[in-house]
Amino acid sequence: MIKTILCFGILCSFSSVPAGESASDKGDAILRQVDKKLSPGSYESLRKLINEEPGGKKKEFVMWTAKKGTDKMVTTFLSPASEIGRSTLRVGENMWLYVPNVGKPVRITSLQSVVGGVFNNADIMQLEYHVEYRCTTLTEEAGLSILTLKARNKSVAYDKLVMKVDKKSGFPLEVECRTASDMLIKTLRFLEPKKFEDGAFRPSVVETESPIYKGYRSVMIYAGLKNRNFKDEVFTINYMAKIRDLRN
Amino acid sequence: MISWQHQTVCFLCLVLQGALTGEPYDFDASAFEKKPYSLNGSIELRPSLALLNRESESYKTQYGLDNEPRFLDTYLSRLEISGDYRKGPFLFFASGLGFAQYERYSALLDYDAFPYEVYGKLGFEGKSTNVWLGKKTFKWGKGYAYNPTAFAARPKDINDVEANLEGYWSLSGEFIRSFSSRISTVALNVVIIPEYKEWNTGYIGQEGVSGAAQLYMLAFDTDVDFCFYSDNGQNPRLGIGFSRNIIPNLEVHGEAAYAFHHQVTSVTEQYVLETVVNPVYNALLGARYLTKWNTTVIAEYIRNGQGLSKAQMDVYYSALRNRAALSPDIRNFLNLNAGQYMGQFAMRDYVYARISHPEPFGLLYLTPSAYAMANLRDASLMTAFEIAYTRFKNTTLTGKMMVLQGGSQSEYGSKTKKTQMELRGRFYF
């Protein structure tokens, strides 16, 4: 009996679910679970973003983030002094940048980077994967679900993602961001799971490297992530200059 | 068994990743607890060297006919500070600039200090309503280089479009509502700006009270503004603006404003003053494009209906050449209104373009850029090249070179300076 289960387990662990409705449906369901695991529906959090150079030099940023539902997010920089008050708003596919000196929001795209380094706006303003991507292929091996995801529309930063999800925890371990021609743009790794203020257990570090920036690495560290509901009016360009007022 | 497999794989993955990443990451969030106050600022040092245009009438007017100086080196230092204090629904905010500039040729030290903004804000968060009283900046409009609908703001400096602007003393209010529909946001801003003695001098042009309003909507993924202005001088203005990403990496924007009664005084061919009142429109149409190589291109066509015609500018250049023959009244008028003729957007049709490319060749924190403003009526051109470096914490280093080209009777060809180079070191605290 044990041998049978073992054989079945080994077979299952290296099986590949062919692309098709059931596989993609199952993949989409896994993706929804990933989103639920990664963050609550509405929350606030602090994030530290570290850009590391090949020589070991680092540049750090700290930002406060508020998210509501599947389509609204706003971030504002708390540090360093040169970036304080710089805010980014995302409502669905619309994205704006507010710089205090400039004094008014300007539209930006998800591919730009507001801070330099390997992370771009799409990484920093990531809402929920299942809203932007659908699963095309699901492969299962050695405790992992490997999802190949295709962007639902052209406004999404990366045409294709390959996501490795740990079956037991439901967390993504690694996400490869690729172009439509399958060129690797960057790899995100989800690390150091810990218990957050809302009681949930989730990765607290997202690390990224890119073959485009050889030797450079960017890291995003989450802290103070807790459930909080916001009024819709907070996620408007009129509010961007006042985002810091929302912090408790 | 599968569970054991999963646990093993998961553990190995985390161990492997931990080994690859080295030490665990540290983030002490308690250091960023919200405080009731904040204080920030920057110090900037900006030496510059200009090659002067000794053929220009403005050079001869300013420095005479001795053909000296050829170069002008100036040393500018600026201190910008902003701070706020919050208590419940109340916020007090103040920001300001102090500067000192030394020009070596004239041995002139110029210095000043003034507030950009000083206001109190009362926020009614439950009703998404805010009220401000004090000196405040209102930057309306969608254009990058020019904003016809910025009815309650001072004009931008086209050579530093992202610089802070001084506000006006005002009473203003804002009301925001969001909806779950294709019109997802509606926001109304209302501003009352008085002009009285030293307060807001020049805003209306006479003592009195003005009112301006902006209705903003996010409708069908498009930012739309409707703007209105009026004052006791009965000079109403209407404006409209929009901005939209038509494809993810291409944004288009536009603004148009109509002034019902625009008054302008200029010198005629007979060297007498003439004042006319006409309706005028100002407009801007532009686009911002991000290429797949991460280069951003901004292009804007600017129609400045308030500007002078080519014929009016030709009379001005002619008057400068024949200054000795002018009546004292005309000389006095030209001295007092030099900004009308020599300021930015003196004429009517311009094209602005800017191109920037962050981190070329994988060089992080380095951003080269270039911009140009072309006067379409007199075929003169101002071009600038910049390179910014932001590698060091709280420090921005910028090198800039600006070149002005055009005939002697053209906007950029008639400026005192022909070429200018400057370095900027800005340190934030």
# chains A, B, ... in the order shown; residues from 1 in each chain; ligands from 1

call {"tool": "closest_atom_pairs", "arguments": {"of": "chain A", "to": "chain B", "cutoff": "7 Å", "atoms": "only C-alpha atoms", "output": "CSV"}}
result
residue,atom,partner,partner_atom,distance
A:Leu6,CA,B:Met1,CA,6.7
A:Gly9,CA,B:Ile2,CA,5.9
A:Lys48,CA,B:Phe27,CA,6.8
A:Lys59,CA,B:Lys393,CA,6.8
A:Pro80,CA,B:Asn394,CA,6.4
A:Ala81,CA,B:Phe429,CA,5.4
A:Ser82,CA,B:Asn394,CA,5.0
A:Asn94,CA,B:Asp221,CA,6.9
A:Asn101,CA,B:Asn164,CA,4.9
A:Val102,CA,B:Glu162,CA,4.6
A:Gly103,CA,B:Lys139,CA,6.1
A:Lys104,CA,B:Lys139,CA,6.1
A:Thr109,CA,B:Asn249,CA,6.0
A:Gly116,CA,B:Tyr365,CA,6.2
A:Gly117,CA,B:Leu364,CA,6.6
A:Ala142,CA,B:Gln5,CA,6.7
A:Gly143,CA,B:His6,CA,4.3
A:Ser155,CA,B:Pro248,CA,4.9
A:Asp166,CA,B:Cys10,CA,6.6
A:Lys167,CA,B:His6,CA,6.9
A:Lys168,CA,B:His6,CA,6.3
A:Leu191,CA,B:Leu14,CA,7.0
A:Tyr213,CA,B:Gly362,CA,5.9
A:Ile221,CA,B:Phe27,CA,6.9
A:Ala223,CA,B:Ala29,CA,6.4
A:Asp232,CA,B:Ser178,CA,5.9
A:Glu233,CA,B:Ser178,CA,5.4
A:Thr236,CA,B:Thr185,CA,6.9
A:Arg247,CA,B:Lys34,CA,6.7
A:Asn248,CA,B:Lys34,CA,6.8

call {"tool": "select_by_dssp", "arguments": {"residues": "range 25-78 of chain B", "states": "strand (DSSP E)", "output": "PyMOL selection string"}}
result
chain B and resi 37-52+71-78

call {"tool": "residues_around", "arguments": {"residues": "range 259-268 of chain B", "least_positions_apart": "5", "cutoff": "9 Å", "atoms": "only C-alpha atoms", "output": "ChimeraX atom specification"}}
result
/B:234-239,273-282,306,308,312,315-316,319,330,333-334

call {"tool": "atom_distance", "arguments": {"atom1": "CA of Glu117 in chain B", "atom2": "CA of Arg78 in chain B"}}
result
16.6 Å

call {"tool": "select_by_dssp", "arguments": {"residues": "range 114-147 of chain A", "states": "alpha helix (DSSP H)", "output": "list in words"}}
result
Asn121, Ala122, Asp123, Ile124, Tyr129, His130, Val131 and Glu132 of chain A

call {"tool": "write_last_selection", "arguments": {"atoms": "C-alpha atoms", "output": "PDB file, in the first residue's frame"}}
result
ATOM      1  CA  ASN A 121       5.929  50.786 -11.087  1.00  0.00           C
ATOM      2  CA  ALA A 122       4.160  47.534 -11.901  1.00  0.00           C
ATOM      3  CA  ASP A 123       6.088  45.712  -9.174  1.00  0.00           C
ATOM      4  CA  ILE A 124       5.563  48.430  -6.606  1.00  0.00           C
ATOM      5  CA  TYR A 129      -2.322  38.742 -10.031  1.00  0.00           C
ATOM      6  CA  HIS A 130      -5.650  37.163 -10.993  1.00  0.00           C
ATOM      7  CA  VAL A 131      -7.034  40.540 -12.081  1.00  0.00           C
ATOM      8  CA  GLU A 132      -4.181  41.105 -14.530  1.00  0.00           C
TER       9      GLU A 132
END

call {"tool": "residues_around", "arguments": {"residues": "Val131 in chain B", "least_positions_apart": "2", "cutoff": "7 Å", "atoms": "only C-alpha atoms", "output": "PyMOL selection string"}}
result
chain B and resi 121-123+129+133+172-174

call {"tool": "residues_around", "arguments": {"residues": "range 205-210 of chain B", "least_positions_apart": "5", "cutoff": "7 Å", "atoms": "only C-alpha atoms", "output": "list of chain:residue names"}}
result
B:Ile192, B:Ile193, B:Pro194, B:Glu195, B:Tyr196, B:Ser230, B:Asp231, B:Asn232

call {"tool": "write_last_selection", "arguments": {"atoms": "C-alpha atoms", "output": "CSV table (one decimal), in the first residue's frame"}}
result
chain,number,residue,atom,x,y,z
B,192,ILE,CA,-11.2,83.1,-3.8
B,193,ILE,CA,-8.2,85.3,-4.3
B,194,PRO,CA,-8.3,89.0,-3.4
B,195,GLU,CA,-5.9,91.7,-4.5
B,196,TYR,CA,-5.4,94.4,-1.9
B,230,SER,CA,-13.9,85.8,-13.0
B,231,ASP,CA,-13.1,89.0,-11.1
B,232,ASN,CA,-14.6,92.4,-10.3

call {"tool": "atom_distance", "arguments": {"atom1": "CA of Asp225 in chain B", "atom2": "CA of Trp199 in chain B"}}
result
28.2 Å

call {"tool": "closest_residue", "arguments": {"among": "B:Asn322, B:Asn337, B:Ser58, B:Ser380", "to": "Tyr412 in chain B", "atoms": "only C-alpha atoms"}}
result
B:Ser380

call {"tool": "atom_distance", "arguments": {"atom1": "CA of Val219 in chain A", "atom2": "CA of Asn51 in chain A"}}
result
6.6 Å

call {"tool": "closest_residue", "arguments": {"among": "A:Val165, A:Ala157, A:Leu89, A:Ile243", "to": "Phe190 in chain A", "atoms": "only C-alpha atoms"}}
result
A:Val165

call {"tool": "residues_around", "arguments": {"residues": "Ala213 in chain B", "least_positions_apart": "5", "cutoff": "8 Å", "atoms": "only C-alpha atoms", "output": "PyMOL selection string"}}
result
chain B and resi 188-191+227-229

call {"tool": "closest_residue", "arguments": {"among": "A:Gly92, A:Pro211, A:Gly85, A:Gly199", "to": "Thr187 in chain A", "atoms": "only C-alpha atoms"}}
result
A:Pro211
